[in-house]
Structures are given as C-alpha cells and as structure tokens.
Amino acid sequence: MWRRAAVNGPWLSIRLVNAGFHKGKMSRKLHARRIEGIDKNIWVEFTQLAADYKAVNLGQGFPDFSPPSFVQEAFCKALNGGFSMHQYTRAFGHPNLVKILAKFFSRIVGREIDPMEDILVSVGAYQALFCTFQALIDEGDEVIIVEPFFDCYQPMVMMAGGTAIYVPLKPREGCGPVLSSADWVLSPEELASKFSPRTKAIVINTPNNPLGKVYQRKELQMIADLCIKHDVICISDEVYEWLTYDGTKHVKIASLPGMWERTVTIGSAGKTFSATGWKVGWAMGPGHILKHLKTVHQNSVYHCATAAQEAVAVGFQREYDVFGTEESYFHQLPKHLHEKRLRLADCLKSVGLKPILPQGGYFMIADISNLNVDLTEPSTEDEPYDYRFVKWLIKEKGLATIPVSAFYSSEHRNEFQKYIRFCFVKEDSTLQAAEDILRQWSDSK
C-alpha cells in the first residue's frame, strides 16, 4: 500500500490522512461485546504483584518440584523419537494417548469408553472447559455454578452468551467449629431452586479449588437426580482427582446411573503428573456430546503438542500397570502431599489463623478474621477485605497467597471475604520460608 502511495502522488496521501491513518489508531470500537466485564484476571494481577515484591509464592497452584522421572524420561525419548514426534498428530488427540486414557478410565467409570469418539485432548483443562462452554451453551441458556468456583467458569459462560446462576457451598450449620472442607455442603433445597426451564448445565469441581472439598457419593447423587429430572448437562471439573487425603475417595459423577450420557468430565495431565507447564488436558464423555466440543477445537487450536501427549500416554500406561500398588505415582503423590498439608495447617494455627483442612487438591483456605491488621491503604479501600489483606501480606511481609472472594460471584462475595488461599504443593524449603515469615510476623505482634 505504501509503495502505491509513492507512485501515485499526493492525492493518495490526502486520502490516507482523511481516512484517519494519521491518528495512529482506529477510531471505531475494537473489542467484541463478549469480552466486556471479563478483562480483569486474578492470576495476572497477583502473580505480577508477587513477582514485583519477590514474595515467597504460596499463591499460584503449581508444584515447585519436578514431575516423576518416568514421565520426564518419556518426554525426552519422544523428543528423540524421530520426525513424527515433532509434527502434527491426530487433531482430537494423539492415538497412543486417547487409547490409554480410554483403557484407564473405562475400568473406573464401569463402561467401555471409545478412544476415538469419547475423548478430546486439549491444551490443558482450560481449553477443554472453553470448548465445552462454547460448544454447549447458547444465548439465554442458564448455567448453575457451585461456589467457590475456579474463576474461569464465569467468563467462559459469559463469552458463550449464557447466564451464570450461583449456589454456594456453606459451612454446615450446628456442627461446631468448621475444621474440614467436608463441613462445607450444598443445601438441597437451595440447589433445587436454581433449576429452571432455561438451565442447560451445572458445573461442579471435585476436589474443589480453592476449598479442597471432595463430593461424597450421596452429594453427587443429589446433583445427578436433579440433572436427570431437568434434562441438564453436568460439567465435572476433576483435575485434582488423584489428590485426596485421609482415606477420602474421589467418585466420578459420570459413573452414577444415568449420568454418563449427560456428563463432560474434565481432566489434566499437568495436575496428574505435576507437570502443569506441559498443558495437556482432556474432556471425556459420550460421543454425541463430545462431537460438538471437537467442532470448537478443530476451529480454534486444532491440535496439541505431539511429544507432550506421547509422554503423558507413557505415564498413564505405566500407572495402568501398577495401579493400586505402592509403586503408583497416584498413590505416592497424595501420600507425599499429605505431610505438607498437615505441616502448613499446623503453622497457620500457630500464628492465629483458622485453616480448613482440605480433603483433596492443592490448596488450603484459612479464616483470617481473628487477625488485627491495619489495612487503611487508600489505593485498596474499595476492594474486598481479603484482597486488601493479601496485597498487604505480599508488600509488607513478602508472602503471596490468593483472596478467596475471587472464587465467588458478586452476590455472595461479601460473605466469604475473610478467607485466603494457600498452595501447599511446594518444596519443603518453600514451605519453610513461608513458615519463617508467618512466625516472625506473629512474634512481632
């Protein structure tokens, strides 16, 4: 275009100026309505703040230790495995991976899973969720979201044109001090009241982030009965499924009678093998639902990294062979994290916080209402209490956590702004550094 301007003389330059090119930017509205109101992101804000202050990071949910050696070796072998590992593989999932995922989970859900029809491999669980909402939610559809919820559910529903309807888990009344995530429950009556003729789906997360609650079979059956009664899809985010503690058992809602046909289960290799940066996830469900997710996938990312999928496939084959034994990483990892979980809980109690012991997952929330901290900084006065507290903790004490009210809708946020979230899936040295900060602060009060 600029070459033609030079050839054709000043008349074209005048046209370009009149068209507004001299302003340096377009004058028309650029963004689509679907992204209005969802531009803020808790992870972007607090990750940057933690980095700026070089804080000990118990905020972000990633291990600061390496994946098991057998998947690292599998990745290296894949990278050196010839040209095919560096080129495209099957768009909906590397054949070796979908076959072992189907084989592995068939015995857990109690039915034959078709590897080519019932599984979609995605760029992490995030993309599996995005494909699910884009494929299944339409303008005017209502989606019930159980709170606290992983923060991407809400904007993904909004981008799809749906309306989010919220129902919170709450501490069980009359049970004394709330000591465990098991004490947080859904009200059957409140949940039932949220279903309407416009309800298209319900989203649950078990084990829950940030609470650590693991839904028991009876609780899942209540949800399943309502899904069947109202002909609703269940989107079950189960990325922490192998991380349960104190004998708590994870139950897949898709394994309950009548639920396979209406459930999309979301999984994560990153959480399964402590390799969050690999970004390999999946959606699993009946072919008549998964085909719609595949349409979104093929018209967006199309394909996921071949070598990473191959390494995850090797990891699952190894776990299939040793499943139920002490050699299994799915046995070793929660046993290892159980000790870290207890260590963090003891530390939080010793400095005056009230931790809620999680049944599963990476995280522990703690009640900070007993603490007396001056949070009068003018720049944060309009923010929820836990936001202000977390920013103070990062800036003044050098310890990063996450405010729990970020996992709630605006209608319920005020009820839960006295909690903060800690990640305990860290090296002992990281946990020790956090303990030192907390104890030094406690001693100085």
# chains A, B, ... in the order shown; residues from 1 in each chain; ligands from 1
>>> closest_atom_pairs(of="stretch 48-121 of chain A", to="stretch 244-262 of chain A", cutoff="9 Å", atoms="only C-alpha atoms", output="JSON lines")
{"residue": "A:Ile108", "atom": "CA", "partner": "A:Ser255", "partner_atom": "CA", "distance": 7.7}
{"residue": "A:Val109", "atom": "CA", "partner": "A:Ser255", "partner_atom": "CA", "distance": 4.5}
{"residue": "A:Gly110", "atom": "CA", "partner": "A:Ser255", "partner_atom": "CA", "distance": 6.7}
{"residue": "A:Arg111", "atom": "CA", "partner": "A:Ser255", "partner_atom": "CA", "distance": 8.3}
>>> select_by_dssp(residues="stretch 218-350 of chain A", states="strand (DSSP E)", output="PDB file with C-alpha atoms, in the first residue's frame")
ATOM      1  CA  ILE A 233     -25.715 -31.491  31.296  1.00  0.00           C
ATOM      2  CA  CYS A 234     -23.163 -31.870  34.101  1.00  0.00           C
ATOM      3  CA  ILE A 235     -19.699 -30.374  33.540  1.00  0.00           C
ATOM      4  CA  SER A 236     -17.464 -32.021  36.135  1.00  0.00           C
ATOM      5  CA  ASP A 237     -14.012 -30.500  36.599  1.00  0.00           C
ATOM      6  CA  THR A 263     -21.632 -35.591  31.726  1.00  0.00           C
ATOM      7  CA  VAL A 264     -18.486 -33.949  30.377  1.00  0.00           C
ATOM      8  CA  THR A 265     -15.554 -34.803  32.659  1.00  0.00           C
ATOM      9  CA  ILE A 266     -12.522 -32.507  32.552  1.00  0.00           C
ATOM     10  CA  GLY A 267      -9.049 -33.906  33.307  1.00  0.00           C
ATOM     11  CA  SER A 268      -5.481 -32.617  33.473  1.00  0.00           C
ATOM     12  CA  GLY A 281      -5.771 -31.874  29.304  1.00  0.00           C
ATOM     13  CA  TRP A 282      -8.869 -33.668  28.090  1.00  0.00           C
ATOM     14  CA  ALA A 283     -12.632 -33.752  28.016  1.00  0.00           C
ATOM     15  CA  MET A 284     -14.296 -37.142  28.331  1.00  0.00           C
TER      16      MET A 284
END
>>> residues_around(residues="A:Val185", least_positions_apart="4", cutoff="9 Å", atoms="only C-alpha atoms", output="number ranges by chain")
A: 168-172, 181, 213, 215, 219
>>> residues_around(residues="stretch 35-50 of chain A", least_positions_apart="6", cutoff="9 Å", atoms="only C-alpha atoms", output="compact mmCIF listing (two decimals) with N, CA and C atoms, in the first residue's frame")
# COMPACT_ATOMS: atom_id res chain seq x y z
N VAL A 56 7.66 -15.02 48.60
CA VAL A 56 7.54 -16.49 48.66
C VAL A 56 6.14 -16.83 48.16
N ASN A 57 6.07 -17.68 47.13
CA ASN A 57 4.81 -17.84 46.40
C ASN A 57 4.05 -19.08 46.83
N GLY A 59 0.81 -18.70 46.41
CA GLY A 59 -0.41 -18.26 45.76
C GLY A 59 -0.77 -19.13 44.57
N GLN A 60 0.11 -19.20 43.59
CA GLN A 60 -0.19 -19.96 42.37
C GLN A 60 -0.18 -21.46 42.62
N ASP A 151 -12.03 -19.57 38.73
CA ASP A 151 -12.50 -18.28 38.24
C ASP A 151 -12.80 -18.22 36.75
N CYS A 152 -12.33 -19.17 35.95
CA CYS A 152 -12.58 -19.09 34.50
C CYS A 152 -13.99 -19.52 34.11
N GLN A 154 -16.96 -18.51 35.10
CA GLN A 154 -17.86 -17.37 34.91
C GLN A 154 -17.62 -16.65 33.58
N PRO A 155 -16.38 -16.22 33.27
CA PRO A 155 -16.19 -15.52 31.98
C PRO A 155 -16.43 -16.43 30.78
N MET A 158 -20.09 -16.42 30.16
CA MET A 158 -20.49 -15.12 29.61
C MET A 158 -20.10 -14.99 28.14
N MET A 159 -18.88 -15.43 27.79
CA MET A 159 -18.44 -15.35 26.39
C MET A 159 -19.30 -16.20 25.47
N VAL A 390 -4.32 -9.69 51.32
CA VAL A 390 -3.32 -10.39 50.51
C VAL A 390 -2.30 -9.42 49.94
N LYS A 391 -2.75 -8.26 49.49
CA LYS A 391 -1.80 -7.26 48.98
C LYS A 391 -0.87 -6.77 50.09
N ILE A 394 1.73 -9.51 50.79
CA ILE A 394 2.78 -9.54 49.76
C ILE A 394 3.75 -8.37 49.94
N LYS A 395 3.20 -7.17 50.06
CA LYS A 395 4.04 -5.97 50.08
C LYS A 395 4.82 -5.81 51.39
N GLY A 398 6.16 -10.17 52.32
CA GLY A 398 6.84 -10.98 51.30
C GLY A 398 6.30 -12.38 51.14
N LEU A 399 5.00 -12.56 51.41
CA LEU A 399 4.37 -13.88 51.25
C LEU A 399 3.14 -13.73 50.36
N ALA A 400 3.08 -14.51 49.29
CA ALA A 400 1.98 -14.43 48.34
C ALA A 400 0.95 -15.52 48.58
N THR A 401 -0.31 -15.11 48.68
CA THR A 401 -1.45 -16.03 48.75
C THR A 401 -2.50 -15.50 47.77
N ILE A 402 -3.71 -16.04 47.82
CA ILE A 402 -4.78 -15.61 46.92
C ILE A 402 -6.04 -15.34 47.73
N PRO A 403 -6.76 -14.24 47.45
CA PRO A 403 -8.02 -13.95 48.16
C PRO A 403 -9.13 -14.90 47.72
N ALA A 406 -12.32 -14.05 45.39
CA ALA A 406 -12.17 -14.08 43.93
C ALA A 406 -12.85 -15.29 43.31
>>> closest_residue(among="A:Ala433, A:Ser106, A:Phe75, A:Lys218", to="A:Ala275", atoms="only C-alpha atoms")
A:Phe75
>>> closest_residue(among="A:Cys227, A:Leu333, A:Leu129, A:Ala164", to="A:Val425", atoms="only C-alpha atoms")
A:Leu333
>>> select_by_dssp(residues="stretch 319-373 of chain A", states="helix (DSSP H, G or I)", output="NGL selection string")
:A and (319-322 or 329-350)
>>> residues_around(residues="A:Asn414", least_positions_apart="4", cutoff="9 Å", atoms="only C-alpha atoms", output="ChimeraX atom specification")
/A:384-385,405,408,410,418
>>> closest_residue(among="A:Ile228, A:Ala182, A:Lys426, A:Gly287", to="A:Leu357", atoms="only C-alpha atoms")
A:Ala182
>>> residues_around(residues="A:Ile113", least_positions_apart="2", cutoff="10 Å", atoms="only C-alpha atoms", output="ChimeraX atom specification")
/A:98-99,101-107,109-111,115-119,284-287
